[in-house]
Amino acid sequence: MTQIYKDANGRHHMEGRKGTIFTVFSTAYAVGKSLIAVNIAAELAKQGMKVCLVDLDLQFGDICYYLKLNPKKTIADAQRAMKANPQDTVAVEFLTKYAAGGVSFDVLTNPKLMEEAYNMDNGIIRSLVQQLQLEYDYVIIDTTSTFSALNLSMMDLSTLINFVGIVDFIPTIKNMKRGSDTLKELGYDDSKIRYVLNRSNAKTRIDVEDVEAILGKHFDYVLPNDFQTAQNSVRSGVPFVLEARHTPLAKELISIVDGYVRPDTEQKEEKTENHGSWLSRLFS
Ligand SMILES: Nc1ncnc2c1ncn2[C@@H]1O[C@H](COP(=O)(O)OP(=O)(O)OP(=O)(O)O)[C@@H](O)[C@H]1O
Ligand SMILES: [Mg+2]
C-alpha cells in the first residue's frame, strides 16, 4: 500500500517512489560524458520515464549548450532559495523543460555565473538531488572529471555509475586505471559501476584488449566514434537518440538504456584476458 510520509524538511512524499540515479563520470576531459548523459536522459524519456537531468559540471557545464536551453532559473537560484527558506524550497521549481519530437524531460541547469558556481554548497546540492529522486523515475547526473567531494557524494547516492573512458593516449589510460582503482578502494561495489568505452573505433595505436587487461575489467558497453552524428546533435540541440536513431552510435546508446531499464536483457560478452602486451607491461 502506498503511504504518505514526511521528509527531514517537513515535506510530504509518497513512500516507495524513489527514483534511480545514474551518474556519468570519467577521469579524463572530453570523453563524452555530457553527450552520453543527455542521450541517456532523452532515451529514458522516450521510453515513457519521468526524467530529470542535472548538470553538476558547475563551472563549465555543457548541457544548456547541447540542448539549446535558456534557463530562467538555475541550481544557483535553488541554492539561494534553500538558504533563505529551507522548509519551503522545492527543487522542481528550478527546472527547465526540454522538449523535442514529443519527448520531454526536465533539467536542473548549472549556474550562469562563475562566482555562483564557485559558491555552490555540496550539502545543498545533495539535498536538491535527493528531492528530485522522490519526484522522478530517473535522475541523470553529469559530472566533471575529478574525484571531488561533490562527485563522490553523487556517486554515493547513485544507483549506477557510468564510468566513461576513451582509448587515446597513455596518460588517459593511466588515469582511467587510477580512477577505477580509487573507486574500488573507496569501497564501491563493482556491480554499481558500468565501464563505457566511447569513440571506440577512433584511430589509435592502442588496443582495447590491452586497456582491458590493464584495468582488469571488460568494458560493459562500447560506443563507436561518430563525429558527424555527435556534431549534428550538438548543433541542432536534439539528442541523437531522437534525431539519428538509426545510427550505430544511437543504437548502442539505446541498448545501454534498455539494459538499465530491463536488466535481464543486458548481455555481456565473455572475453579472454590478454596479459602479455607492451601496454600492460608498462603498468605492471
Ligand atoms: N561517440 C562519439 N563520436 C564522436 N564524437 C563524440 C562522441 N562522443 C562525444 N563526442 C564529442 O566529443 C566532444 C566531447 O564530448 P562531451 O562534451 O560530451 O565530453 P565531456 O566528457 O562531457 O567533456 P568535459 O570533460 O569537457 O565535460 C564533443 O565535441 C562531442 O560531440
Ligand atoms: Mg561535460
# chains A, B, ... in the order shown; residues from 1 in each chain; ligands from 1
call {"tool": "residues_near_ligand", "arguments": {"ligand": "ligand 1", "cutoff": "10 Å", "atoms": "only C-alpha atoms and all ligand atoms", "output": "PyMOL selection string"}}
result
chain A and resi 24-39+55-57+59-63+65-66+142-146+164-166+197-202+222-235+248-250+253
call {"tool": "select_by_dssp", "arguments": {"residues": "range 91-229 of chain A", "states": "helix (DSSP H, G or I)", "output": "PyMOL selection string"}}
result
chain A and resi 91-94+114-118+122-135+149-157+170-185+190-192+208-215+227-229
call {"tool": "closest_atom_pairs", "arguments": {"of": "range 73-103 of chain A", "to": "range 110-129 of chain A", "cutoff": "7 Å", "atoms": "only C-alpha atoms", "output": "CSV"}}
result
residue,atom,partner,partner_atom,distance
A:Thr74,CA,A:Pro111,CA,5.5
A:Ile75,CA,A:Asn110,CA,5.7
A:Ala76,CA,A:Pro111,CA,5.2
A:Gln79,CA,A:Ile124,CA,6.5
A:Ala91,CA,A:Leu128,CA,5.7
call {"tool": "write_last_selection", "arguments": {"atoms": "N, CA and C atoms", "output": "mmCIF file, in the first residue's frame"}}
result
data_model
loop_
_atom_site.group_PDB
_atom_site.id
_atom_site.type_symbol
_atom_site.label_atom_id
_atom_site.label_comp_id
_atom_site.auth_asym_id
_atom_site.auth_seq_id
_atom_site.Cartn_x
_atom_site.Cartn_y
_atom_site.Cartn_z
ATOM 1 N N THR A 74 18.389 28.519 -12.310
ATOM 2 C CA THR A 74 19.463 27.523 -12.310
ATOM 3 C C THR A 74 19.606 26.920 -10.909
ATOM 4 N N ILE A 75 20.553 26.027 -10.779
ATOM 5 C CA ILE A 75 20.821 25.406 -9.479
ATOM 6 C C ILE A 75 21.277 26.461 -8.456
ATOM 7 N N ALA A 76 21.880 27.561 -8.947
ATOM 8 C CA ALA A 76 22.319 28.627 -8.029
ATOM 9 C C ALA A 76 21.107 29.332 -7.419
ATOM 10 N N GLN A 79 19.797 27.129 -4.757
ATOM 11 C CA GLN A 79 20.604 27.238 -3.524
ATOM 12 C C GLN A 79 20.228 28.492 -2.734
ATOM 13 N N ALA A 91 12.764 21.733 -5.192
ATOM 14 C CA ALA A 91 13.724 21.668 -6.306
ATOM 15 C C ALA A 91 13.040 21.785 -7.666
#
call {"tool": "residues_around", "arguments": {"residues": "Glu243 in chain A", "least_positions_apart": "4", "cutoff": "9 Å", "atoms": "only C-alpha atoms", "output": "compact mmCIF listing (two decimals) with N, CA, C and O atoms, in the first residue's frame"}}
result
# COMPACT_ATOMS: atom_id res chain seq x y z
N GLY A 101 10.23 16.63 -30.48
CA GLY A 101 9.58 15.48 -31.12
C GLY A 101 8.72 14.64 -30.19
O GLY A 101 8.76 13.42 -30.24
N SER A 233 24.10 16.50 -33.56
CA SER A 233 23.25 16.55 -32.39
C SER A 233 23.54 17.79 -31.56
O SER A 233 22.63 18.48 -31.08
N VAL A 238 19.31 18.58 -30.52
CA VAL A 238 18.43 17.41 -30.36
C VAL A 238 19.30 16.17 -30.14
O VAL A 238 20.14 15.85 -30.97
N PRO A 239 19.12 15.47 -29.00
CA PRO A 239 19.93 14.29 -28.73
C PRO A 239 19.86 13.28 -29.89
O PRO A 239 18.81 13.12 -30.51
call {"tool": "atom_distance", "arguments": {"atom1": "CA of Ile206 in chain A", "atom2": "CA of Gly179 in chain A"}}
result
19.1 Å
call {"tool": "closest_residue", "arguments": {"among": "A:Leu132, A:Val107, A:Leu69, A:Ile141", "to": "ligand 2", "atoms": "only C-alpha atoms and all ligand atoms"}}
result
A:Ile141
call {"tool": "select_by_dssp", "arguments": {"residues": "range 35-91 of chain A", "states": "strand (DSSP E)", "output": "MDAnalysis selection string"}}
result
chainID A and resid 51:55
call {"tool": "closest_residue", "arguments": {"among": "A:Leu58, A:Asp168, A:His246, A:Lys72", "to": "ligand 2", "atoms": "only C-alpha atoms and all ligand atoms"}}
result
A:Leu58
call {"tool": "atom_distance", "arguments": {"atom1": "CA of Phe105 in chain A", "atom2": "CA of Cys52 in chain A"}}
result
6.0 Å
call {"tool": "atom_distance", "arguments": {"atom1": "CA of Leu53 in chain A", "atom2": "CA of Val139 in chain A"}}
result
5.8 Å
call {"tool": "closest_residue", "arguments": {"among": "A:Val51, A:Gly187, A:Cys64, A:Lys18", "to": "ligand 2", "atoms": "only C-alpha atoms and all ligand atoms"}}
result
A:Cys64
call {"tool": "closest_residue", "arguments": {"among": "A:Val54, A:Leu183, A:Val241, A:Ile214", "to": "ligand 2", "atoms": "only C-alpha atoms and all ligand atoms"}}
result
A:Val54
call {"tool": "closest_residue", "arguments": {"among": "A:Tyr221, A:Asp189, A:Asn85, A:Gly216", "to": "Ser255 in chain A", "atoms": "only C-alpha atoms"}}
result
A:Tyr221
call {"tool": "decode", "arguments": {"residues": "range 18-41 of chain A", "atoms": "N, CA, C and O atoms", "output": "PDB file, in the first residue's frame"}}
result
ATOM      1  N   LYS A  18      11.073   6.237  -5.089  1.00  0.00           N
ATOM      2  CA  LYS A  18      12.433   6.761  -5.035  1.00  0.00           C
ATOM      3  C   LYS A  18      13.098   6.405  -6.343  1.00  0.00           C
ATOM      4  O   LYS A  18      13.276   5.233  -6.662  1.00  0.00           O
ATOM      5  N   GLY A  19      13.422   7.439  -7.109  1.00  0.00           N
ATOM      6  CA  GLY A  19      13.928   7.199  -8.457  1.00  0.00           C
ATOM      7  C   GLY A  19      15.332   6.626  -8.479  1.00  0.00           C
ATOM      8  O   GLY A  19      16.045   6.610  -7.484  1.00  0.00           O
ATOM      9  N   THR A  20      15.691   6.166  -9.659  1.00  0.00           N
ATOM     10  CA  THR A  20      17.019   5.629  -9.910  1.00  0.00           C
ATOM     11  C   THR A  20      17.953   6.787 -10.267  1.00  0.00           C
ATOM     12  O   THR A  20      17.573   7.665 -11.035  1.00  0.00           O
ATOM     13  N   ILE A  21      19.160   6.782  -9.704  1.00  0.00           N
ATOM     14  CA  ILE A  21      20.126   7.837 -10.034  1.00  0.00           C
ATOM     15  C   ILE A  21      21.280   7.233 -10.835  1.00  0.00           C
ATOM     16  O   ILE A  21      21.906   6.265 -10.402  1.00  0.00           O
ATOM     17  N   PHE A  22      21.524   7.800 -12.009  1.00  0.00           N
ATOM     18  CA  PHE A  22      22.685   7.416 -12.822  1.00  0.00           C
ATOM     19  C   PHE A  22      23.661   8.589 -12.848  1.00  0.00           C
ATOM     20  O   PHE A  22      23.282   9.697 -13.230  1.00  0.00           O
ATOM     21  N   THR A  23      24.896   8.323 -12.465  1.00  0.00           N
ATOM     22  CA  THR A  23      25.928   9.352 -12.588  1.00  0.00           C
ATOM     23  C   THR A  23      26.830   9.010 -13.765  1.00  0.00           C
ATOM     24  O   THR A  23      27.185   7.849 -13.962  1.00  0.00           O
ATOM     25  N   VAL A  24      27.171  10.022 -14.545  1.00  0.00           N
ATOM     26  CA  VAL A  24      28.105   9.824 -15.655  1.00  0.00           C
ATOM     27  C   VAL A  24      29.420  10.485 -15.253  1.00  0.00           C
ATOM     28  O   VAL A  24      29.467  11.699 -15.024  1.00  0.00           O
ATOM     29  N   PHE A  25      30.465   9.658 -15.132  1.00  0.00           N
ATOM     30  CA  PHE A  25      31.737  10.126 -14.571  1.00  0.00           C
ATOM     31  C   PHE A  25      32.890   9.685 -15.469  1.00  0.00           C
ATOM     32  O   PHE A  25      32.766   8.734 -16.251  1.00  0.00           O
ATOM     33  N   SER A  26      34.010  10.388 -15.361  1.00  0.00           N
ATOM     34  CA  SER A  26      35.222   9.942 -16.067  1.00  0.00           C
ATOM     35  C   SER A  26      36.428  10.540 -15.376  1.00  0.00           C
ATOM     36  O   SER A  26      36.301  11.419 -14.522  1.00  0.00           O
ATOM     37  N   THR A  27      37.592  10.056 -15.734  1.00  0.00           N
ATOM     38  CA  THR A  27      38.820  10.629 -15.166  1.00  0.00           C
ATOM     39  C   THR A  27      39.583  11.425 -16.217  1.00  0.00           C
ATOM     40  O   THR A  27      40.706  11.836 -15.979  1.00  0.00           O
ATOM     41  N   ALA A  28      38.983  11.609 -17.379  1.00  0.00           N
ATOM     42  CA  ALA A  28      39.621  12.427 -18.422  1.00  0.00           C
ATOM     43  C   ALA A  28      38.589  13.402 -18.966  1.00  0.00           C
ATOM     44  O   ALA A  28      37.388  13.136 -18.927  1.00  0.00           O
ATOM     45  N   TYR A  29      39.083  14.520 -19.493  1.00  0.00           N
ATOM     46  CA  TYR A  29      38.200  15.517 -20.079  1.00  0.00           C
ATOM     47  C   TYR A  29      37.722  15.070 -21.454  1.00  0.00           C
ATOM     48  O   TYR A  29      38.408  14.293 -22.138  1.00  0.00           O
ATOM     49  N   ALA A  30      36.600  15.600 -21.848  1.00  0.00           N
ATOM     50  CA  ALA A  30      36.116  15.490 -23.225  1.00  0.00           C
ATOM     51  C   ALA A  30      36.019  14.063 -23.742  1.00  0.00           C
ATOM     52  O   ALA A  30      36.347  13.777 -24.887  1.00  0.00           O
ATOM     53  N   VAL A  31      35.582  13.150 -22.869  1.00  0.00           N
ATOM     54  CA  VAL A  31      35.424  11.757 -23.303  1.00  0.00           C
ATOM     55  C   VAL A  31      33.991  11.458 -23.746  1.00  0.00           C
ATOM     56  O   VAL A  31      33.711  10.365 -24.234  1.00  0.00           O
ATOM     57  N   GLY A  32      33.085  12.427 -23.545  1.00  0.00           N
ATOM     58  CA  GLY A  32      31.705  12.230 -23.992  1.00  0.00           C
ATOM     59  C   GLY A  32      30.688  12.139 -22.875  1.00  0.00           C
ATOM     60  O   GLY A  32      29.534  11.780 -23.112  1.00  0.00           O
ATOM     61  N   LYS A  33      31.075  12.491 -21.639  1.00  0.00           N
ATOM     62  CA  LYS A  33      30.147  12.395 -20.502  1.00  0.00           C
ATOM     63  C   LYS A  33      28.835  13.139 -20.770  1.00  0.00           C
ATOM     64  O   LYS A  33      27.759  12.583 -20.605  1.00  0.00           O
ATOM     65  N   SER A  34      28.960  14.416 -21.167  1.00  0.00           N
ATOM     66  CA  SER A  34      27.747  15.236 -21.299  1.00  0.00           C
ATOM     67  C   SER A  34      26.851  14.734 -22.422  1.00  0.00           C
ATOM     68  O   SER A  34      25.630  14.656 -22.265  1.00  0.00           O
ATOM     69  N   LEU A  35      27.473  14.351 -23.532  1.00  0.00           N
ATOM     70  CA  LEU A  35      26.685  13.844 -24.657  1.00  0.00           C
ATOM     71  C   LEU A  35      25.981  12.535 -24.273  1.00  0.00           C
ATOM     72  O   LEU A  35      24.817  12.310 -24.618  1.00  0.00           O
ATOM     73  N   ILE A  36      26.666  11.703 -23.535  1.00  0.00           N
ATOM     74  CA  ILE A  36      26.078  10.434 -23.091  1.00  0.00           C
ATOM     75  C   ILE A  36      24.951  10.703 -22.082  1.00  0.00           C
ATOM     76  O   ILE A  36      23.864  10.125 -22.176  1.00  0.00           O
ATOM     77  N   ALA A  37      25.193  11.634 -21.146  1.00  0.00           N
ATOM     78  CA  ALA A  37      24.172  11.950 -20.134  1.00  0.00           C
ATOM     79  C   ALA A  37      22.892  12.465 -20.805  1.00  0.00           C
ATOM     80  O   ALA A  37      21.779  12.036 -20.479  1.00  0.00           O
ATOM     81  N   VAL A  38      23.059  13.360 -21.769  1.00  0.00           N
ATOM     82  CA  VAL A  38      21.923  13.948 -22.482  1.00  0.00           C
ATOM     83  C   VAL A  38      21.138  12.854 -23.216  1.00  0.00           C
ATOM     84  O   VAL A  38      19.902  12.835 -23.214  1.00  0.00           O
ATOM     85  N   ASN A  39      21.852  11.941 -23.824  1.00  0.00           N
ATOM     86  CA  ASN A  39      21.185  10.899 -24.610  1.00  0.00           C
ATOM     87  C   ASN A  39      20.554   9.814 -23.741  1.00  0.00           C
ATOM     88  O   ASN A  39      19.514   9.274 -24.103  1.00  0.00           O
ATOM     89  N   ILE A  40      21.168   9.521 -22.597  1.00  0.00           N
ATOM     90  CA  ILE A  40      20.525   8.575 -21.668  1.00  0.00           C
ATOM     91  C   ILE A  40      19.210   9.193 -21.181  1.00  0.00           C
ATOM     92  O   ILE A  40      18.163   8.535 -21.159  1.00  0.00           O
ATOM     93  N   ALA A  41      19.261  10.482 -20.828  1.00  0.00           N
ATOM     94  CA  ALA A  41      18.044  11.165 -20.352  1.00  0.00           C
ATOM     95  C   ALA A  41      16.968  11.144 -21.432  1.00  0.00           C
ATOM     96  O   ALA A  41      15.807  10.803 -21.164  1.00  0.00           O
TER      97      ALA A  41
END
